[in-house]
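Below is final_24.pdb, holding PDB, C-alpha atoms.
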ATOM      1  CA  MET A  30     107.549-116.898 -49.443
ATOM      2  CA  LYS A  31     103.974-116.248 -48.383
ATOM      3  CA  ILE A  32     103.525-113.389 -45.936
ATOM      4  CA  LEU A  33     100.178-112.954 -44.200
ATOM      5  CA  VAL A  34      99.195-109.752 -42.355
ATOM      6  CA  LEU A  35      96.382-110.536 -39.929
ATOM      7  CA  ASP A  36      95.493-107.096 -38.517
ATOM      8  CA  GLY A  37      97.208-104.428 -40.557
ATOM      9  CA  PHE A  38      94.821-101.506 -40.058
ATOM     10  CA  ALA A  39      96.274-100.352 -36.737
ATOM     11  CA  LEU A  40      99.753 -99.997 -38.232
ATOM     12  CA  ASN A  41      98.628 -98.816 -41.649
ATOM     13  CA  PRO A  42      95.143 -97.294 -41.896
ATOM     14  CA  GLY A  43      96.063 -96.023 -45.361
ATOM     15  CA  ASP A  44      98.805 -93.478 -44.775
ATOM     16  CA  LEU A  45     101.678 -95.964 -45.240
ATOM     17  CA  SER A  46     102.549 -98.474 -47.955
ATOM     18  CA  TRP A  47     102.940-102.242 -47.871
ATOM     19  CA  LYS A  48     105.262-102.058 -50.889
ATOM     20  CA  GLY A  49     108.344-103.006 -48.904
ATOM     21  CA  LEU A  50     106.681-106.245 -47.864
ATOM     22  CA  THR A  51     105.574-107.145 -51.381
ATOM     23  CA  GLU A  52     109.214-107.068 -52.461
ATOM     24  CA  LEU A  53     109.919-109.940 -50.053
ATOM     25  CA  GLY A  54     107.213-112.361 -51.117
ATOM     26  CA  THR A  55     103.557-112.917 -51.848
ATOM     27  CA  VAL A  56     101.654-110.704 -49.427
ATOM     28  CA  VAL A  57      98.034-110.890 -48.285
ATOM     29  CA  VAL A  58      96.861-108.093 -46.003
ATOM     30  CA  TYR A  59      93.760-108.130 -43.827
ATOM     31  CA  ASP A  60      92.776-105.019 -41.899
ATOM     32  CA  ARG A  61      91.311-107.147 -39.113
ATOM     33  CA  THR A  62      90.826-110.843 -38.406
ATOM     34  CA  GLU A  63      88.258-112.338 -36.058
ATOM     35  CA  HIS A  64      89.608-114.983 -33.693
ATOM     36  CA  ALA A  65      87.612-117.740 -35.373
ATOM     37  CA  ARG A  66      89.268-117.028 -38.744
ATOM     38  CA  ILE A  67      92.908-116.786 -37.673
ATOM     39  CA  ILE A  68      93.862-120.383 -38.496
ATOM     40  CA  THR A  69      92.126-120.506 -41.869
ATOM     41  CA  ARG A  70      93.620-117.175 -42.929
ATOM     42  CA  ILE A  71      97.146-118.158 -41.959
ATOM     43  CA  GLY A  72      96.823-121.453 -43.817
ATOM     44  CA  ASP A  73     100.172-122.316 -45.396
ATOM     45  CA  ALA A  74     101.794-118.928 -44.846
ATOM     46  CA  ASP A  75     105.494-118.916 -43.994
ATOM     47  CA  VAL A  76     105.410-115.591 -42.163
ATOM     48  CA  VAL A  77     102.631-114.021 -40.122
ATOM     49  CA  VAL A  78     102.663-110.293 -39.388
ATOM     50  CA  VAL A  79     100.483-109.559 -36.384
ATOM     51  CA  ASN A  80      99.770-106.887 -33.817
ATOM     52  CA  LYS A  81      97.018-107.887 -31.387
ATOM     53  CA  CYS A  82      95.546-111.043 -32.904
ATOM     54  CA  PRO A  83      96.434-113.865 -30.484
ATOM     55  CA  ILE A  84      98.648-116.620 -31.848
ATOM     56  CA  SER A  85      97.847-119.595 -29.630
ATOM     57  CA  ARG A  86      99.255-123.091 -29.364
ATOM     58  CA  GLU A  87      96.249-124.318 -31.327
ATOM     59  CA  THR A  88      97.043-121.903 -34.136
ATOM     60  CA  ILE A  89     100.736-122.791 -34.250
ATOM     61  CA  GLU A  90     100.014-126.517 -34.310
ATOM     62  CA  ALA A  91      97.374-126.099 -37.020
ATOM     63  CA  CYS A  92      99.748-124.156 -39.299
ATOM     64  CA  PRO A  93     102.820-126.388 -39.764
ATOM     65  CA  ASN A  94     104.293-124.225 -42.537
ATOM     66  CA  LEU A  95     104.611-121.250 -40.206
ATOM     67  CA  LYS A  96     108.248-120.267 -39.671
ATOM     68  CA  LEU A  97     108.191-116.684 -38.398
ATOM     69  CA  ILE A  98     105.783-114.571 -36.364
ATOM     70  CA  CYS A  99     106.601-110.899 -36.819
ATOM     71  CA  VAL A 100     104.938-108.672 -34.239
ATOM     72  CA  THR A 101     104.267-105.071 -35.265
ATOM     73  CA  ALA A 102     104.791-103.922 -31.693
ATOM     74  CA  THR A 103     107.261-104.111 -28.847
ATOM     75  CA  GLY A 104     105.020-106.242 -26.612
ATOM     76  CA  TYR A 105     104.424-109.879 -27.520
ATOM     77  CA  ASN A 106     102.181-111.146 -24.736
ATOM     78  CA  THR A 107      99.582-112.289 -27.303
ATOM     79  CA  ILE A 108     101.953-114.983 -28.640
ATOM     80  CA  ASP A 109     102.260-118.451 -27.077
ATOM     81  CA  LEU A 110     106.042-118.397 -26.902
ATOM     82  CA  GLU A 111     106.342-121.874 -25.419
ATOM     83  CA  ALA A 112     104.411-123.404 -28.309
ATOM     84  CA  ALA A 113     106.421-121.371 -30.818
ATOM     85  CA  LYS A 114     109.673-122.639 -29.338
ATOM     86  CA  GLU A 115     108.480-126.258 -29.326
ATOM     87  CA  HIS A 116     107.574-126.048 -33.018
ATOM     88  CA  GLY A 117     110.638-124.121 -34.130
ATOM     89  CA  VAL A 118     108.741-120.943 -34.971
ATOM     90  CA  LEU A 119     110.779-117.787 -34.514
ATOM     91  CA  VAL A 120     109.179-114.670 -33.020
ATOM     92  CA  CYS A 121     110.522-111.173 -33.567
ATOM     93  CA  ASN A 122     109.289-107.782 -32.444
ATOM     94  CA  VAL A 123     110.104-104.107 -33.064
ATOM     95  CA  PRO A 124     111.701-102.883 -29.838
ATOM     96  CA  THR A 125     112.659 -99.271 -30.493
ATOM     97  CA  TYR A 126     110.238 -97.689 -32.925
ATOM     98  CA  ALA A 127     108.003 -95.805 -30.443
ATOM     99  CA  THR A 128     110.403 -94.665 -27.729
ATOM    100  CA  GLU A 129     110.025 -90.976 -28.540
ATOM    101  CA  SER A 130     106.281 -91.246 -29.193
ATOM    102  CA  VAL A 131     105.460 -92.964 -25.923
ATOM    103  CA  THR A 132     107.679 -90.572 -23.977
ATOM    104  CA  GLN A 133     105.865 -87.655 -25.591
ATOM    105  CA  HIS A 134     102.478 -89.124 -24.690
ATOM    106  CA  VAL A 135     103.491 -89.672 -21.071
ATOM    107  CA  PHE A 136     104.316 -86.008 -20.648
ATOM    108  CA  ALA A 137     101.384 -84.823 -22.748
ATOM    109  CA  MET A 138      99.103 -86.550 -20.240
ATOM    110  CA  LEU A 139     101.093 -85.431 -17.213
ATOM    111  CA  LEU A 140     101.092 -81.804 -18.389
ATOM    112  CA  ALA A 141      97.367 -82.039 -19.119
ATOM    113  CA  ILE A 142      96.909 -82.938 -15.458
ATOM    114  CA  ALA A 143      99.359 -80.316 -14.183
ATOM    115  CA  ASN A 144      98.033 -77.377 -16.232
ATOM    116  CA  HIS A 145      94.455 -78.380 -17.106
ATOM    117  CA  ILE A 146      94.974 -76.904 -20.559
ATOM    118  CA  SER A 147      91.824 -78.308 -22.179
ATOM    119  CA  GLU A 148      89.566 -77.353 -19.255
ATOM    120  CA  HIS A 149      90.814 -73.771 -19.198
ATOM    121  CA  ALA A 150      90.674 -73.444 -22.981
ATOM    122  CA  LEU A 151      87.071 -74.704 -23.008
ATOM    123  CA  SER A 152      86.262 -72.253 -20.227
ATOM    124  CA  VAL A 153      87.528 -69.360 -22.341
ATOM    125  CA  LYS A 154      85.498 -70.546 -25.336
ATOM    126  CA  ALA A 155      82.434 -70.656 -23.080
ATOM    127  CA  GLY A 156      82.901 -66.937 -22.363
ATOM    128  CA  GLU A 157      84.057 -67.191 -18.763
ATOM    129  CA  TRP A 158      87.153 -65.001 -19.210
ATOM    130  CA  GLN A 159      85.019 -62.098 -20.385
ATOM    131  CA  ARG A 160      82.979 -62.308 -17.204
ATOM    132  CA  VAL A 161      85.709 -62.385 -14.559
ATOM    133  CA  ALA A 162      86.902 -59.297 -12.695
ATOM    134  CA  ASP A 163      90.625 -60.053 -12.935
ATOM    135  CA  PHE A 164      93.061 -60.438 -15.825
ATOM    136  CA  SER A 165      93.692 -64.063 -14.836
ATOM    137  CA  TYR A 166      91.643 -66.859 -13.306
ATOM    138  CA  ARG A 167      92.149 -70.537 -12.516
ATOM    139  CA  LYS A 168      89.342 -73.051 -12.456
ATOM    140  CA  PHE A 169      91.647 -75.840 -11.273
ATOM    141  CA  PRO A 170      94.878 -75.981  -9.258
ATOM    142  CA  ILE A 171      98.025 -75.764 -11.389
ATOM    143  CA  PHE A 172     101.329 -77.201 -10.233
ATOM    144  CA  GLU A 173     104.946 -77.381 -11.380
ATOM    145  CA  LEU A 174     106.689 -80.649 -12.163
ATOM    146  CA  ALA A 175     110.051 -79.292 -11.011
ATOM    147  CA  GLY A 176     110.978 -80.697  -7.626
ATOM    148  CA  MET A 177     108.508 -83.583  -7.800
ATOM    149  CA  THR A 178     109.637 -87.211  -7.745
ATOM    150  CA  MET A 179     108.766 -89.500 -10.637
ATOM    151  CA  GLY A 180     108.893 -93.241 -10.071
ATOM    152  CA  ILE A 181     109.499 -95.297 -13.214
ATOM    153  CA  ILE A 182     108.702 -99.019 -13.161
ATOM    154  CA  GLY A 183     110.653-100.655 -15.972
ATOM    155  CA  MET A 184     113.891 -99.136 -17.263
ATOM    156  CA  GLY A 185     114.067-100.306 -20.826
ATOM    157  CA  ARG A 186     114.485 -97.835 -23.680
ATOM    158  CA  ILE A 187     111.181 -96.077 -23.009
ATOM    159  CA  GLY A 188     111.682 -95.949 -19.258
ATOM    160  CA  ARG A 189     115.119 -94.389 -19.724
ATOM    161  CA  SER A 190     113.748 -91.884 -22.215
ATOM    162  CA  VAL A 191     110.988 -90.885 -19.785
ATOM    163  CA  ALA A 192     113.586 -90.529 -17.037
ATOM    164  CA  ASN A 193     115.664 -88.152 -19.175
ATOM    165  CA  VAL A 194     112.685 -85.923 -19.902
ATOM    166  CA  ALA A 195     111.626 -85.983 -16.250
ATOM    167  CA  LYS A 196     115.077 -84.763 -15.250
ATOM    168  CA  ALA A 197     114.868 -82.036 -17.910
ATOM    169  CA  PHE A 198     111.710 -80.823 -16.157
ATOM    170  CA  GLY A 199     113.642 -80.675 -12.892
ATOM    171  CA  MET A 200     112.114 -83.814 -11.429
ATOM    172  CA  ASN A 201     113.917 -86.369  -9.304
ATOM    173  CA  VAL A 202     113.648 -89.927 -10.613
ATOM    174  CA  LEU A 203     113.349 -93.224  -8.744
ATOM    175  CA  CYS A 204     113.665 -96.377 -10.861
ATOM    176  CA  TYR A 205     112.646 -99.960 -10.277
ATOM    177  CA  SER A 206     113.915-102.582 -12.686
ATOM    178  CA  LYS A 207     115.173-106.141 -12.741
ATOM    179  CA  HIS A 208     118.288-104.843 -14.431
ATOM    180  CA  ILE A 209     120.049-102.146 -12.435
ATOM    181  CA  ASP A 210     122.499 -99.903 -14.279
ATOM    182  CA  PRO A 211     124.584 -97.940 -11.760
ATOM    183  CA  GLN A 212     126.211 -96.010 -14.617
ATOM    184  CA  ILE A 213     123.086 -93.943 -15.219
ATOM    185  CA  GLU A 214     122.598 -93.047 -11.569
ATOM    186  CA  ASP A 215     123.319 -89.472 -10.558
ATOM    187  CA  GLU A 216     122.128 -86.920  -8.023
ATOM    188  CA  HIS A 217     118.682 -86.845  -9.656
ATOM    189  CA  LEU A 218     118.240 -90.533 -10.582
ATOM    190  CA  ARG A 219     118.694 -93.689  -8.560
ATOM    191  CA  PHE A 220     117.519 -97.284  -8.530
ATOM    192  CA  VAL A 221     115.431 -98.338  -5.532
ATOM    193  CA  SER A 222     113.293-101.220  -4.362
ATOM    194  CA  PHE A 223     109.705-101.537  -5.526
ATOM    195  CA  ASP A 224     108.319-100.549  -2.128
ATOM    196  CA  GLU A 225     110.634 -97.548  -1.832
ATOM    197  CA  LEU A 226     109.474 -96.322  -5.214
ATOM    198  CA  LEU A 227     105.819 -96.700  -4.243
ATOM    199  CA  GLU A 228     106.293 -94.896  -0.952
ATOM    200  CA  ASN A 229     108.269 -91.905  -2.251
ATOM    201  CA  SER A 230     106.986 -91.084  -5.741
ATOM    202  CA  ASP A 231     104.648 -88.188  -6.531
ATOM    203  CA  VAL A 232     104.134 -89.564 -10.038
ATOM    204  CA  ILE A 233     104.432 -93.242 -11.037
ATOM    205  CA  SER A 234     104.803 -94.196 -14.699
ATOM    206  CA  LEU A 235     104.599 -97.824 -15.865
ATOM    207  CA  HIS A 236     106.979 -99.054 -18.556
ATOM    208  CA  CYS A 237     107.278-102.773 -17.868
ATOM    209  CA  PRO A 238     106.069-105.670 -20.039
ATOM    210  CA  LEU A 239     102.977-107.662 -19.124
ATOM    211  CA  THR A 240     104.156-110.916 -17.545
ATOM    212  CA  GLU A 241     102.901-113.272 -14.849
ATOM    213  CA  GLU A 242     104.933-111.206 -12.403
ATOM    214  CA  THR A 243     103.585-107.812 -13.471
ATOM    215  CA  GLU A 244      99.934-108.750 -14.091
ATOM    216  CA  GLN A 245      97.764-106.830 -11.581
ATOM    217  CA  MET A 246     100.939-105.337 -10.098
ATOM    218  CA  ILE A 247      99.048-102.148  -9.331
ATOM    219  CA  CYS A 248      96.243-103.210  -7.004
ATOM    220  CA  LYS A 249      94.755-102.179  -3.682
ATOM    221  CA  GLU A 250      97.715-103.613  -1.760
ATOM    222  CA  THR A 251     100.372-101.744  -3.744
ATOM    223  CA  ILE A 252      98.260 -98.587  -4.040
ATOM    224  CA  ALA A 253      98.009 -98.552  -0.232
ATOM    225  CA  LYS A 254     101.796 -98.166  -0.104
ATOM    226  CA  MET A 255     101.769 -95.104  -2.370
ATOM    227  CA  LYS A 256     101.784 -91.471  -1.309
ATOM    228  CA  GLN A 257      98.458 -89.812  -0.669
ATOM    229  CA  GLY A 258      97.508 -87.971  -3.856
ATOM    230  CA  VAL A 259      99.903 -89.837  -6.150
ATOM    231  CA  ILE A 260      99.526 -89.524  -9.936
ATOM    232  CA  LEU A 261      99.587 -92.804 -11.899
ATOM    233  CA  ILE A 262     100.405 -93.097 -15.615
ATOM    234  CA  ASN A 263     100.124 -96.266 -17.693
ATOM    235  CA  THR A 264     101.246 -96.484 -21.322
ATOM    236  CA  ALA A 265     102.401-100.105 -21.003
ATOM    237  CA  ARG A 266      99.674-102.772 -20.813
ATOM    238  CA  GLY A 267      96.228-102.552 -19.271
ATOM    239  CA  ASP A 268      96.387-105.748 -17.234
ATOM    240  CA  ILE A 269      99.303-104.415 -15.174
ATOM    241  CA  ILE A 270      96.614-102.504 -13.260
ATOM    242  CA  ASN A 271      93.583-103.821 -11.413
ATOM    243  CA  GLU A 272      91.141-101.300 -12.857
ATOM    244  CA  MET A 273      88.529-101.557 -10.123
ATOM    245  CA  ASP A 274      91.128-101.060  -7.404
ATOM    246  CA  LEU A 275      92.458 -97.982  -9.196
ATOM    247  CA  ALA A 276      88.924 -96.633  -9.698
ATOM    248  CA  ASN A 277      88.283 -96.996  -5.976
ATOM    249  CA  ALA A 278      91.565 -95.238  -5.183
ATOM    250  CA  LEU A 279      90.629 -92.370  -7.491
ATOM    251  CA  ALA A 280      87.203 -92.084  -5.881
ATOM    252  CA  SER A 281      88.755 -91.943  -2.405
ATOM    253  CA  GLY A 282      91.460 -89.457  -3.397
ATOM    254  CA  LYS A 283      94.337 -91.824  -2.567
ATOM    255  CA  VAL A 284      95.275 -91.474  -6.238
ATOM    256  CA  SER A 285      94.698 -87.853  -7.194
ATOM    257  CA  HIS A 286      94.826 -88.401 -10.953
ATOM    258  CA  ALA A 287      95.469 -91.200 -13.409
ATOM    259  CA  ALA A 288      96.419 -91.052 -17.072
ATOM    260  CA  ILE A 289      95.735 -94.309 -18.885
ATOM    261  CA  ASP A 290      96.459 -95.142 -22.534
ATOM    262  CA  VAL A 291      95.809 -98.879 -22.196
ATOM    263  CA  LEU A 292      92.960-100.917 -20.732
ATOM    264  CA  SER A 293      92.545-104.591 -19.896
ATOM    265  CA  GLU A 294      89.967-104.889 -22.692
ATOM    266  CA  GLU A 295      90.592-103.058 -25.971
ATOM    267  CA  PRO A 296      88.283-101.802 -27.288
ATOM    268  CA  PRO A 297      86.438-101.647 -23.940
ATOM    269  CA  VAL A 298      83.174-103.043 -25.272
ATOM    270  CA  HIS A 299      82.185-104.089 -21.755
ATOM    271  CA  GLY A 300      83.230-100.752 -20.301
ATOM    272  CA  SER A 301      85.847 -99.968 -17.689
ATOM    273  CA  PRO A 302      85.489 -98.494 -14.215
ATOM    274  CA  LEU A 303      88.184 -95.980 -15.156
ATOM    275  CA  ILE A 304      86.380 -94.336 -18.068
ATOM    276  CA  ASP A 305      83.802 -92.563 -15.905
ATOM    277  CA  GLN A 306      86.266 -91.378 -13.279
ATOM    278  CA  SER A 307      86.462 -87.576 -13.524
ATOM    279  CA  ARG A 308      90.126 -87.467 -12.536
ATOM    280  CA  CYS A 309      91.224 -90.172 -14.943
ATOM    281  CA  LEU A 310      92.365 -89.343 -18.470
ATOM    282  CA  VAL A 311      91.817 -92.298 -20.782
ATOM    283  CA  THR A 312      93.206 -92.227 -24.318
ATOM    284  CA  PRO A 313      92.561 -95.015 -26.876
ATOM    285  CA  HIS A 314      95.983 -96.733 -26.956
ATOM    286  CA  ILE A 315      97.590 -94.063 -29.134
ATOM    287  CA  ALA A 316     100.950 -93.426 -27.459
ATOM    288  CA  TRP A 317     102.645 -95.553 -30.131
ATOM    289  CA  ALA A 318     100.671 -94.228 -33.087
ATOM    290  CA  PRO A 319     102.209 -91.029 -34.552
ATOM    291  CA  LEU A 320     102.908 -91.374 -38.278
ATOM    292  CA  GLN A 321     106.658 -91.185 -37.769
ATOM    293  CA  ALA A 322     106.599 -94.038 -35.242
ATOM    294  CA  ARG A 323     104.400 -96.228 -37.434
ATOM    295  CA  ARG A 324     106.681 -95.552 -40.401
ATOM    296  CA  ARG A 325     109.654 -96.734 -38.334
ATOM    297  CA  CYS A 326     107.674 -99.780 -37.223
ATOM    298  CA  MET A 327     106.806-100.693 -40.808
ATOM    299  CA  GLN A 328     110.435-100.445 -41.867
ATOM    300  CA  MET A 329     111.581-102.565 -38.942
ATOM    301  CA  VAL A 330     109.029-105.250 -39.789
ATOM    302  CA  ILE A 331     110.364-105.308 -43.349
ATOM    303  CA  ASP A 332     113.946-105.440 -42.071
ATOM    304  CA  ASN A 333     113.080-108.271 -39.667
ATOM    305  CA  ILE A 334     111.592-110.412 -42.441
ATOM    306  CA  ARG A 335     114.468-109.648 -44.801
ATOM    307  CA  ALA A 336     116.998-110.617 -42.122
ATOM    308  CA  PHE A 337     115.092-113.872 -41.558
ATOM    309  CA  GLN A 338     115.191-114.646 -45.284
ATOM    310  CA  GLN A 339     118.942-114.069 -45.281
ATOM    311  CA  GLY A 340     119.416-116.524 -42.435
ATOM    312  CA  LYS A 341     120.326-113.810 -39.951
ATOM    313  CA  PRO A 342     117.152-113.291 -37.907
ATOM    314  CA  GLN A 343     117.122-110.163 -35.755
ATOM    315  CA  ASN A 344     115.064-108.702 -32.906
ATOM    316  CA  LEU A 345     114.221-112.212 -31.775
ATOM    317  CA  VAL A 346     112.102-112.498 -28.666
ATOM    318  CA  ASP A 347     113.977-114.240 -25.871
ATOM    319  CA  PHE A 348     112.172-117.479 -25.166
TER
END
Since I need it in another form, could you write the structure as C-alpha cells?
Amino acid sequence: MKILVLDGFALNPGDLSWKGLTELGTVVVYDRTEHARIITRIGDADVVVVNKCPISRETIEACPNLKLICVTATGYNTIDLEAAKEHGVLVCNVPTYATESVTQHVFAMLLAIANHISEHALSVKAGEWQRVADFSYRKFPIFELAGMTMGIIGMGRIGRSVANVAKAFGMNVLCYSKHIDPQIEDEHLRFVSFDELLENSDVISLHCPLTEETEQMICKETIAKMKQGVILINTARGDIINEMDLANALASGKVSHAAIDVLSEEPPVHGSPLIDQSRCLVTPHIAWAPLQARRRCMQMVIDNIRAFQQGKPQNLVDF
C-alpha cells in the first residue's frame, strides 16, 4: 500500500517519528505541497494523509487509485466530501486528540485578557515597579471570571471540556448546539437558543465546525445582539467570523476583547483587520499543537490506516 503525506510539517516538524506509518506500507512524506502539485504527488497512492491541503473533486477524479483520505485534524472542510462519496473514497479524521490542548488555549487567552499578565510583566522589566509609590500597581483593569457567563457555541468534546473548566472557575455556562443533552444540564449549565446565548453571555467561545450554516456566523448582525463589552474567543475556524465586522466591533467597544487562534487566511499573507486591533489577541493556529496532542494525533492517524487495512475503518467522516 502506498501512503502519501502531503503536508506533514505541521504535525511533525521533526520532534515525532513517521515510523508507525512506514510499518503499514510504502510512505512518501512531503513537508508541504503547493496546490498545483497535489495531483501529481498523489499519483497512484492508495492513502493520502493531509492536514490543510485541499482535496478537490478534480483531485479525486484525477487519482483513481485513491481509497482513503486520512485527515490529521478534527476539521475536514478542505475535503470535497460529495466527490469522495461518489468515487467510493473513504475519509477519516482524528476527533479527540486535541481536546485538552484546545481547552487549555481557550483559558490561556481568556486569562491573558483578564489579568494582563504579559503587559504587567513587561512593565516590571521596563522598571516601572521601582518607580511607583505603592507596593502594588495596575496598568490595566483586572477582573475575575467567577460569576461571569460563558456562552459556548458547539458542544462536541471540546465544547464540553471548555464548559467543565468554565464551571471550575465559577462561571455560569450557556450552550448552543444542534444536539441538546439534558443530562449535562445543572444549575450552572443549560442549553439555550442562539439568540439567548448572544444576548446573555459575557464571554463567547466558538467550538463548532465550519459549514455552510456556520460560515460568517459571527457578523455585524449577530454581534449587534451581544452584550456591550462581550469577549469573543475563536479556536475553531477563521471563516466562522466576518473579520472586518469583528474589527469594527472592537474599534467601537461593542466587543471589549477578542482572542483569535484562527483566521480566514492562514498564513495571513494578505493581512487581517484583526491583527492590528490593540484589544485582539491573535495566535498562529497553535491551540492544537502541543507535543502531547500531536503525538496522539500521529498515533490516531496510524490506527485509522491500520483499521482501514483490516477492513474495519474507523473515525469515518459522516457524509
Q: Identify all residues satisfying the PyMOL selection byres ((chain A and resi 68-78) around 6) in the given file; provide them as number ranges by chain.
A: A: 31-34, 66-67, 79, 88, 94-100
(Q) I need the output of the PyMOL selection byres ((chain A and resi 182) around 7) for this file as a PyMOL selection string; which residues are they? (A) chain A and resi 180-181+183-184+204-206+234-237
Using C-alpha atoms, can you write the selected residues to a file as a PDB file, in the coordinates of the input?
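The new file result-v9.pdb reads:
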ATOM      1  CA  GLY A 180     108.893 -93.241 -10.071  1.00  0.00           C
ATOM      2  CA  ILE A 181     109.499 -95.297 -13.214  1.00  0.00           C
ATOM      3  CA  GLY A 183     110.653-100.655 -15.972  1.00  0.00           C
ATOM      4  CA  MET A 184     113.891 -99.136 -17.263  1.00  0.00           C
ATOM      5  CA  CYS A 204     113.665 -96.377 -10.861  1.00  0.00           C
ATOM      6  CA  TYR A 205     112.646 -99.960 -10.277  1.00  0.00           C
ATOM      7  CA  SER A 206     113.915-102.582 -12.686  1.00  0.00           C
ATOM      8  CA  SER A 234     104.803 -94.196 -14.699  1.00  0.00           C
ATOM      9  CA  LEU A 235     104.599 -97.824 -15.865  1.00  0.00           C
ATOM     10  CA  HIS A 236     106.979 -99.054 -18.556  1.00  0.00           C
ATOM     11  CA  CYS A 237     107.278-102.773 -17.868  1.00  0.00           C
TER      12      CYS A 237
END
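Compared by their closest atoms to A:Gly176, and using only C-alpha atoms, the residues A:Phe198, A:Trp158, A:Phe220, A:Phe164 rank with A:Phe198 nearest.
The gap separating atom CA of A:Ser293 from atom CA of A:Leu203 is 26.2 Å, in Å to one decimal.
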Q. Can you list, as an NGL selection string, the residues that the PyMOL selection byres ((chain A and resi 84) around 8) selects here?
A. :A and (82-83 or 85-86 or 88-89 or 107-109)
Q.
Would you pick out the contacts of A:Ala195 at 10 Å or less, using all atoms listed in the file, so that residues sharing its chain but fewer than 3 positions from it are not included, and give the list as a PyMOL selection string?
A. chain A and resi 132+136+174-175+177-180+189-192+198-202+217-218
Give me the box for stretch 294-302 of chain A as lines of an AutoDock Vina configuration file, namely the centre and edge lengths in Å to one decimal of a box along x, y and z that holds every listed atom plus 8 Å on each side.
center_x = 86.4
center_y = -101.7
center_z = -20.8
size_x = 24.4
size_y = 22.4
size_z = 29.1
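In this model, the gap between atom CA of A:Thr101 and atom CA of A:Met327 comes to 7.5 Å.
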Q) If we count only C-alpha atoms, what is near A:Trp47 at a cut-off of 10 Å, once residues fewer than 3 positions away on the same chain are taken out, given as a PyMOL selection string? A) chain A and resi 37+41+43+50-52+56-58+327-328+331
Go ahead and save the picked residues with C-alpha atoms, as a PDB file, in the frame of the given file.
ATOM      1  CA  GLY A  37      97.208-104.428 -40.557  1.00  0.00           C
ATOM      2  CA  ASN A  41      98.628 -98.816 -41.649  1.00  0.00           C
ATOM      3  CA  GLY A  43      96.063 -96.023 -45.361  1.00  0.00           C
ATOM      4  CA  LEU A  50     106.681-106.245 -47.864  1.00  0.00           C
ATOM      5  CA  THR A  51     105.574-107.145 -51.381  1.00  0.00           C
ATOM      6  CA  GLU A  52     109.214-107.068 -52.461  1.00  0.00           C
ATOM      7  CA  VAL A  56     101.654-110.704 -49.427  1.00  0.00           C
ATOM      8  CA  VAL A  57      98.034-110.890 -48.285  1.00  0.00           C
ATOM      9  CA  VAL A  58      96.861-108.093 -46.003  1.00  0.00           C
ATOM     10  CA  MET A 327     106.806-100.693 -40.808  1.00  0.00           C
ATOM     11  CA  GLN A 328     110.435-100.445 -41.867  1.00  0.00           C
ATOM     12  CA  ILE A 331     110.364-105.308 -43.349  1.00  0.00           C
TER      13      ILE A 331
END
Each stretch 84-182 of chain A residue no farther than 10 Å from stretch 265-274 of chain A, nearest pair in Å, only C-alpha atoms, as JSON lines:
{"residue": "A:Gly104", "atom": "CA", "partner": "A:Arg266", "partner_atom": "CA", "distance": 8.6}
{"residue": "A:Asn106", "atom": "CA", "partner": "A:Arg266", "partner_atom": "CA", "distance": 9.6}
{"residue": "A:Val131", "atom": "CA", "partner": "A:Ala265", "partner_atom": "CA", "distance": 9.2}
Q. Of the candidates A:Glu129, A:Asp231, A:Asp224, A:Glu115, which one gets nearest to A:Met246 if we count only C-alpha atoms?
A. A:Asp224
Q: In Å, rounded to a single decimal, give me how far atom CA of A:Ala318 is from atom CA of A:Tyr105.
A: 17.0 Å
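Distances to A:Pro170 were evaluated for A:Asn144, A:Asn333, A:Thr251, A:Ser152 using all atoms listed in the file, and the minimum falls at A:Asn144.
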Residues at most 9 Å from stretch 339-348 of chain A, counting all atoms listed in the file, excluding those fewer than 6 positions away in the same chain, as an mmCIF file with C-alpha atoms, keeping the file's coordinate frame?
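This is the output file out.cif:
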data_model
loop_
_atom_site.group_PDB
_atom_site.id
_atom_site.type_symbol
_atom_site.label_atom_id
_atom_site.label_comp_id
_atom_site.auth_asym_id
_atom_site.auth_seq_id
_atom_site.Cartn_x
_atom_site.Cartn_y
_atom_site.Cartn_z
ATOM 1 C CA TYR A 105 104.424 -109.879 -27.520
ATOM 2 C CA LEU A 110 106.042 -118.397 -26.902
ATOM 3 C CA GLU A 111 106.342 -121.874 -25.419
ATOM 4 C CA ALA A 113 106.421 -121.371 -30.818
ATOM 5 C CA LYS A 114 109.673 -122.639 -29.338
ATOM 6 C CA LEU A 119 110.779 -117.787 -34.514
ATOM 7 C CA VAL A 120 109.179 -114.670 -33.020
ATOM 8 C CA CYS A 121 110.522 -111.173 -33.567
ATOM 9 C CA ASN A 122 109.289 -107.782 -32.444
ATOM 10 C CA VAL A 123 110.104 -104.107 -33.064
ATOM 11 C CA PRO A 124 111.701 -102.883 -29.838
ATOM 12 C CA ASP A 332 113.946 -105.440 -42.071
ATOM 13 C CA ASN A 333 113.080 -108.271 -39.667
#
N, CA, C and O atoms of stretch 40-44 of chain A from block above, as a PDB file, in the first residue's frame:
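Written file, out_1.pdb:
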ATOM      1  N   LEU A  40       2.178  18.691  11.524  1.00  0.00           N
ATOM      2  CA  LEU A  40       2.046  17.636  12.526  1.00  0.00           C
ATOM      3  C   LEU A  40       3.397  17.226  13.077  1.00  0.00           C
ATOM      4  O   LEU A  40       3.555  17.032  14.289  1.00  0.00           O
ATOM      5  N   ASN A  41       4.381  17.113  12.216  1.00  0.00           N
ATOM      6  CA  ASN A  41       5.685  16.596  12.633  1.00  0.00           C
ATOM      7  C   ASN A  41       6.810  17.450  12.063  1.00  0.00           C
ATOM      8  O   ASN A  41       7.376  17.147  11.008  1.00  0.00           O
ATOM      9  N   PRO A  42       7.180  18.522  12.775  1.00  0.00           N
ATOM     10  CA  PRO A  42       8.287  19.360  12.317  1.00  0.00           C
ATOM     11  C   PRO A  42       9.658  18.765  12.631  1.00  0.00           C
ATOM     12  O   PRO A  42      10.684  19.419  12.425  1.00  0.00           O
ATOM     13  N   GLY A  43       9.662  17.532  13.146  1.00  0.00           N
ATOM     14  CA  GLY A  43      10.922  16.860  13.447  1.00  0.00           C
ATOM     15  C   GLY A  43      10.992  16.274  14.837  1.00  0.00           C
ATOM     16  O   GLY A  43      11.953  15.563  15.162  1.00  0.00           O
ATOM     17  N   ASP A  44       9.975  16.535  15.661  1.00  0.00           N
ATOM     18  CA  ASP A  44      10.005  16.024  17.026  1.00  0.00           C
ATOM     19  C   ASP A  44       9.172  14.756  17.207  1.00  0.00           C
ATOM     20  O   ASP A  44       9.044  14.239  18.305  1.00  0.00           O
TER      21      ASP A  44
END
